[in-house]
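Colleague: File model.pdb below, PDB, C-alpha atoms, pLDDT in the B column:
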ATOM      1  CA  TRP K1179       0.000   0.000   0.000  1.00 67.00           C
ATOM      2  CA  MET K1180       1.688   3.109  -1.194  1.00 74.00           C
ATOM      3  CA  MET K1181       1.209   6.591   0.242  1.00 76.00           C
ATOM      4  CA  GLY K1182       1.827   9.204  -2.394  1.00 71.00           C
ATOM      5  CA  GLY K1183       0.281  11.418  -4.973  1.00 63.00           C
ATOM      6  CA  TRP K1184      -2.592  13.705  -4.208  1.00 57.00           C
ATOM      7  CA  SER K1185      -6.352  13.307  -4.174  1.00 54.00           C
ATOM      8  CA  SER K1186      -6.848  14.003  -7.878  1.00 59.00           C
ATOM      9  CA  VAL K1187      -4.522  11.157  -8.871  1.00 59.00           C
ATOM     10  CA  ASP K1188      -4.211   8.993  -5.749  1.00 60.00           C
ATOM     11  CA  LYS K1189      -6.448   5.945  -5.760  1.00 67.00           C
ATOM     12  CA  LYS K1190      -4.671   4.177  -2.903  1.00 81.00           C
ATOM     13  CA  PHE K1191      -6.098   3.096   0.438  1.00 87.00           C
ATOM     14  CA  ILE K1192      -5.181   6.212   2.460  1.00 89.00           C
ATOM     15  CA  GLU K1193      -6.862   8.498  -0.066  1.00 88.00           C
ATOM     16  CA  LYS K1194      -9.965   6.281  -0.214  1.00 89.00           C
ATOM     17  CA  ILE K1195     -10.325   6.634   3.556  1.00 93.00           C
ATOM     18  CA  HIS K1196      -9.702  10.369   3.450  1.00 89.00           C
ATOM     19  CA  LYS K1197     -12.268  10.768   0.663  1.00 90.00           C
ATOM     20  CA  GLN K1198     -14.855   9.203   2.980  1.00 94.00           C
ATOM     21  CA  ILE K1199     -13.814  11.600   5.752  1.00 93.00           C
ATOM     22  CA  ARG K1200     -14.152  14.596   3.415  1.00 91.00           C
ATOM     23  CA  SER K1201     -17.622  13.424   2.382  1.00 95.00           C
ATOM     24  CA  LYS K1202     -18.626  13.701   6.078  1.00 94.00           C
ATOM     25  CA  LYS K1203     -19.130   9.983   6.688  1.00 96.00           C
ATOM     26  CA  THR K1204     -19.796   9.301  10.350  1.00 96.00           C
ATOM     27  CA  GLU K1205     -18.988   5.593  10.163  1.00 97.00           C
ATOM     28  CA  LEU K1206     -16.273   3.821   8.225  1.00 97.00           C
ATOM     29  CA  PHE K1207     -16.276   0.091   7.515  1.00 97.00           C
ATOM     30  CA  VAL K1208     -12.722  -1.241   7.234  1.00 96.00           C
ATOM     31  CA  VAL K1209     -11.441  -4.775   6.811  1.00 94.00           C
ATOM     32  CA  ASN K1210      -9.516  -6.336   9.664  1.00 95.00           C
ATOM     33  CA  ASP K1211      -8.407  -9.498   7.866  1.00 94.00           C
ATOM     34  CA  LYS K1212      -5.983  -8.052   5.307  1.00 90.00           C
ATOM     35  CA  ALA K1213      -2.515  -6.938   6.364  1.00 94.00           C
ATOM     36  CA  GLY K1214       0.162  -5.088   4.475  1.00 93.00           C
ATOM     37  CA  THR K1215       3.015  -2.651   4.745  1.00 93.00           C
ATOM     38  CA  PRO K1216       2.030   0.973   4.123  1.00 92.00           C
ATOM     39  CA  THR K1217       4.962   2.558   2.276  1.00 94.00           C
ATOM     40  CA  TYR K1218       5.618   6.238   1.616  1.00 93.00           C
ATOM     41  CA  THR K1219       6.612   6.941  -2.002  1.00 92.00           C
ATOM     42  CA  LYS K1220       9.018   9.696  -0.870  1.00 94.00           C
ATOM     43  CA  ASP K1221      10.913   7.225   1.312  1.00 95.00           C
ATOM     44  CA  PHE K1222      10.901   4.706  -1.517  1.00 96.00           C
ATOM     45  CA  ALA K1223      12.320   7.247  -3.991  1.00 96.00           C
ATOM     46  CA  ASN K1224      14.892   8.634  -1.527  1.00 96.00           C
ATOM     47  CA  SER K1225      16.052   5.112  -0.766  1.00 97.00           C
ATOM     48  CA  ILE K1226      16.479   4.320  -4.481  1.00 96.00           C
ATOM     49  CA  ILE K1227      18.624   7.454  -4.856  1.00 97.00           C
ATOM     50  CA  LYS K1228      20.818   6.339  -1.922  1.00 96.00           C
ATOM     51  CA  HIS K1229      21.157   2.875  -3.473  1.00 96.00           C
ATOM     52  CA  ILE K1230      22.314   4.388  -6.767  1.00 95.00           C
ATOM     53  CA  GLN K1231      24.739   6.757  -5.047  1.00 96.00           C
ATOM     54  CA  ASN K1232      26.153   3.944  -2.901  1.00 93.00           C
ATOM     55  CA  ASN K1233      26.346   1.342  -5.675  1.00 92.00           C
ATOM     56  CA  LEU K1234      23.976  -1.223  -4.209  1.00 92.00           C
ATOM     57  CA  PRO K1235      24.817  -4.591  -5.787  1.00 91.00           C
ATOM     58  CA  PHE K1236      22.522  -5.543  -8.661  1.00 91.00           C
ATOM     59  CA  GLY K1237      19.708  -7.860  -7.692  1.00 92.00           C
ATOM     60  CA  LEU K1238      16.091  -8.120  -6.715  1.00 93.00           C
ATOM     61  CA  TYR K1239      15.124  -6.433  -3.434  1.00 95.00           C
ATOM     62  CA  ASN K1240      11.978  -5.836  -1.423  1.00 95.00           C
ATOM     63  CA  GLN K1241      11.786  -2.234  -0.284  1.00 96.00           C
ATOM     64  CA  VAL K1242       8.910  -1.216   1.962  1.00 96.00           C
ATOM     65  CA  SER K1243       8.439   0.713   5.177  1.00 96.00           C
ATOM     66  CA  THR K1244       9.145  -1.253   8.317  1.00 96.00           C
ATOM     67  CA  GLY K1245       6.323  -2.831  10.261  1.00 95.00           C
ATOM     68  CA  GLY K1246       2.985  -4.116   9.119  1.00 95.00           C
ATOM     69  CA  ALA K1247      -0.656  -3.542   9.917  1.00 96.00           C
ATOM     70  CA  THR K1248      -4.177  -4.427   8.926  1.00 96.00           C
ATOM     71  CA  ARG K1249      -6.209  -1.885   6.994  1.00 95.00           C
ATOM     72  CA  TYR K1250      -8.263  -1.412  10.150  1.00 97.00           C
ATOM     73  CA  GLU K1251      -5.141  -0.606  12.200  1.00 97.00           C
ATOM     74  CA  VAL K1252      -3.959   1.918   9.611  1.00 96.00           C
ATOM     75  CA  THR K1253      -7.367   3.620   9.555  1.00 97.00           C
ATOM     76  CA  ARG K1254      -7.560   3.706  13.366  1.00 97.00           C
ATOM     77  CA  PHE K1255      -4.087   5.276  13.490  1.00 97.00           C
ATOM     78  CA  MET K1256      -5.059   7.796  10.805  1.00 95.00           C
ATOM     79  CA  LEU K1257      -8.318   8.837  12.518  1.00 96.00           C
ATOM     80  CA  ASP K1258      -6.594   9.178  15.896  1.00 96.00           C
ATOM     81  CA  TYR K1259      -3.715  11.201  14.470  1.00 96.00           C
ATOM     82  CA  LEU K1260      -6.011  13.558  12.554  1.00 94.00           C
ATOM     83  CA  GLY K1261      -8.312  13.942  15.571  1.00 94.00           C
ATOM     84  CA  TYR K1262     -11.474  12.468  14.079  1.00 95.00           C
ATOM     85  CA  GLN K1263     -12.922  10.998  17.292  1.00 92.00           C
ATOM     86  CA  ASN K1264     -16.437  11.697  15.967  1.00 95.00           C
ATOM     87  CA  ILE K1265     -16.091   9.081  13.205  1.00 97.00           C
ATOM     88  CA  SER K1266     -16.990   5.564  14.222  1.00 96.00           C
ATOM     89  CA  LEU K1267     -14.799   2.781  12.876  1.00 96.00           C
ATOM     90  CA  THR K1268     -16.358  -0.624  12.307  1.00 97.00           C
ATOM     91  CA  GLU K1269     -14.240  -3.728  11.724  1.00 96.00           C
ATOM     92  CA  VAL K1270     -15.474  -6.017   8.948  1.00 96.00           C
ATOM     93  CA  ASP K1271     -13.926  -8.940   7.129  1.00 92.00           C
ATOM     94  CA  SER K1272     -13.190  -8.799   3.432  1.00 88.00           C
ATOM     95  CA  THR K1273     -16.453 -10.516   2.475  1.00 87.00           C
ATOM     96  CA  TYR K1274     -18.175  -7.219   3.365  1.00 88.00           C
ATOM     97  CA  PHE K1275     -16.760  -5.701   0.146  1.00 83.00           C
ATOM     98  CA  LYS K1276     -17.007  -8.790  -2.081  1.00 78.00           C
ATOM     99  CA  ASP K1277     -19.359  -7.108  -4.560  1.00 79.00           C
ATOM    100  CA  GLU K1278     -17.167  -4.011  -4.847  1.00 78.00           C
ATOM    101  CA  TYR K1279     -13.766  -5.726  -5.087  1.00 74.00           C
ATOM    102  CA  PHE K1280     -13.923  -8.890  -7.168  1.00 71.00           C
ATOM    103  CA  ALA K1281     -10.262  -9.898  -6.996  1.00 77.00           C
ATOM    104  CA  THR K1282      -9.335 -11.912  -3.949  1.00 79.00           C
ATOM    105  CA  ARG K1283      -6.430 -10.444  -2.022  1.00 77.00           C
ATOM    106  CA  PRO K1284      -4.039 -12.486   0.091  1.00 83.00           C
ATOM    107  CA  GLN K1285      -4.522 -12.347   3.838  1.00 86.00           C
ATOM    108  CA  SER K1286      -1.068 -10.859   4.254  1.00 91.00           C
ATOM    109  CA  GLU K1287       0.869  -8.644   1.852  1.00 90.00           C
ATOM    110  CA  ILE K1288       3.475  -7.767   4.475  1.00 94.00           C
ATOM    111  CA  LEU K1289       6.970  -7.684   3.007  1.00 94.00           C
ATOM    112  CA  LEU K1290      10.362  -7.650   4.698  1.00 95.00           C
ATOM    113  CA  ASN K1291      13.515  -5.923   3.483  1.00 97.00           C
ATOM    114  CA  LYS K1292      15.661  -8.920   4.398  1.00 97.00           C
ATOM    115  CA  LYS K1293      18.382  -8.459   1.756  1.00 97.00           C
ATOM    116  CA  LEU K1294      18.642  -4.724   2.440  1.00 97.00           C
ATOM    117  CA  ASP K1295      18.838  -5.422   6.179  1.00 97.00           C
ATOM    118  CA  THR K1296      21.580  -8.016   5.598  1.00 96.00           C
ATOM    119  CA  LEU K1297      23.568  -5.491   3.548  1.00 96.00           C
ATOM    120  CA  ASN K1298      22.895  -2.769   6.147  1.00 96.00           C
ATOM    121  CA  LYS K1299      21.284  -0.718   3.338  1.00 96.00           C
ATOM    122  CA  ASN K1300      17.701  -0.504   4.576  1.00 97.00           C
ATOM    123  CA  TYR K1301      16.866   3.199   4.622  1.00 97.00           C
ATOM    124  CA  MET K1302      13.110   2.731   4.977  1.00 98.00           C
ATOM    125  CA  ARG K1303      11.364   4.125   8.059  1.00 97.00           C
ATOM    126  CA  ASP K1304       8.482   2.800  10.152  1.00 97.00           C
ATOM    127  CA  TRP K1305       5.084   3.098   8.443  1.00 97.00           C
ATOM    128  CA  LYS K1306       3.620   5.114  11.352  1.00 97.00           C
ATOM    129  CA  THR K1307       6.345   7.749  11.088  1.00 97.00           C
ATOM    130  CA  CYS K1308       5.790   7.932   7.332  1.00 96.00           C
ATOM    131  CA  LEU K1309       2.010   8.098   7.617  1.00 95.00           C
ATOM    132  CA  LYS K1310       2.252  10.985  10.100  1.00 96.00           C
ATOM    133  CA  GLU K1311       4.546  12.870   7.732  1.00 95.00           C
ATOM    134  CA  TYR K1312       2.290  12.159   4.748  1.00 92.00           C
ATOM    135  CA  LEU K1313      -0.834  13.256   6.628  1.00 92.00           C
ATOM    136  CA  ASP K1314       0.920  16.419   7.856  1.00 93.00           C
ATOM    137  CA  GLU K1315       1.929  17.320   4.319  1.00 90.00           C
ATOM    138  CA  TYR K1316      -1.292  16.530   2.487  1.00 83.00           C
ATOM    139  CA  TYR K1317      -4.221  16.374   4.901  1.00 79.00           C
ATOM    140  CA  LYS K1318      -3.748  18.639   7.934  1.00 71.00           C
TER     141      LYS K1318
END
Kindly transcribe the structure held in the file into structure tokens.

Modeller:
Amino acid sequence: WMMGGWSSVDKKFIEKIHKQIRSKKTELFVVNDKAGTPTYTKDFANSIIKHIQNNLPFGLYNQVSTGGATRYEVTRFMLDYLGYQNISLTEVDSTYFKDEYFATRPQSEILLNKKLDTLNKNYMRDWKTCLKEYLDEYYK
């Protein structure tokens, strides 16, 4: 799950939640059975630049923020950070949205930066730190 872009072009999870907030929804239904690693595009890009500058060995690497969370946990964190205590958050499983999203998603899309960690070249930050920064820049 990438964090990046802006509302006119961003069709990612964070923007979908914020769109519901902007439309004055008082209750959000968010899945609690799908986990992933929210990743900030700025961190991703900055890390790529560092890899190029430092001649990272050629190869295939995972590169995501550290930590993982369910979509529910990310939304709860987002609402708390932005101060939306008046919006109720309801946990649902993915069958709740089966008519809207036809493709089945894996239960976990959490990735690890194992090779980057081994090489001591993992420049990615924790997803909560990144989400705060992203929300401060685009939504506060």

Colleague: Given the file shown, enumerate the residues that the PyMOL selection byres ((chain K and resi 1233-1235) around 12) captures and present them as a ChimeraX atom specification.

Modeller: /K:1225-1232,1236-1239,1293-1294,1297-1300

Colleague: Between CA of Arg1283 (chain K) and CA of Met1256 (chain K), what distance in Å does the model show, to one decimal?

Modeller: 22.3 Å

Colleague: Ranking K:Asp1221, K:Thr1268, K:Tyr1250, K:Leu1260 by minimum distance to Glu1205 (chain K) and counting only C-alpha atoms, which one comes first?

Modeller: K:Thr1268

Colleague: Report the distance between CA of Asp1211 (chain K) and CA of Leu1267 (chain K) in Å, rounded to one decimal place.

Modeller: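 That distance, rounded to one decimal, is 14.7 Å.
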
Colleague: Need the shell around Asp1271 (chain K): protein/DNA/RNA residues with any atom at most 10 Å away, counting all atoms listed in the file. Skip same-chain ones fewer than 6 positions apart. Format as a PyMOL selection string?

Modeller: chain K and resi 1207-1212+1250

Colleague: Between CA of Leu1206 (chain K) and CA of Val1242 (chain K), what is the distance, to one decimal in Å?

Modeller: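 Going from CA of Leu1206 (chain K) over to CA of Val1242 (chain K), I get 26.4 Å.
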
Colleague: Using only C-alpha atoms, pick whichever of K:Ala1213, K:Ala1281, K:Leu1257, K:Ala1247 has the shortest atom-to-atom distance to Asp1304 (chain K).

Modeller: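 When distances to Asp1304 (chain K) are compared using only C-alpha atoms, the smallest one comes from K:Ala1247.
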
Colleague: Given all atoms listed in the file as the basis, pick out the residue of K:Lys1292, K:Lys1310, K:Arg1254, K:Arg1249 nearest to Thr1215 (chain K).

Modeller: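 Checking each candidate against Thr1215 (chain K), we get K:Arg1249 as the closest.
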
Colleague: Pick out the closest residue to Met1180 (chain K) from this set: K:Gln1263, K:Thr1219, K:Lys1197, K:Lys1203. Count only C-alpha atoms.

Modeller: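 Of K:Gln1263, K:Thr1219, K:Lys1197, K:Lys1203, the one nearest Met1180 (chain K), counting only C-alpha atoms, is K:Thr1219.
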
Colleague: Find the residue from K:Ser1266, K:Thr1253, K:Thr1248, K:Ser1243 that sits nearest to Gln1285 (chain K); use all atoms listed in the file when measuring.

Modeller: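 Among the listed residues, the smallest separation from Gln1285 (chain K) belongs to K:Thr1248.
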
Colleague: Determine the nearest neighbour of Phe1191 (chain K) from the options K:Thr1282, K:Thr1217, K:Thr1307, K:Thr1204, counting all atoms listed in the file.

Modeller: K:Thr1217

Colleague: Using only C-alpha atoms, find all polymer residues with an atom at most 12 Å away from the point (-13.4, 0.5, -5.1); report them as a PyMOL selection string.

Modeller: chain K and resi 1189-1191+1193-1195+1197-1198+1275-1281

Colleague: Determine, counting all atoms listed in the file, which protein, DNA and RNA residues have an atom within 7 Å of an atom of Thr1244 (chain K); residues of the same chain fewer than 5 positions away are not included. Present the result as a list in words.

Modeller: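 In the requested format, the answer is Met1302, Arg1303, Asp1304 and Trp1305 of chain K.
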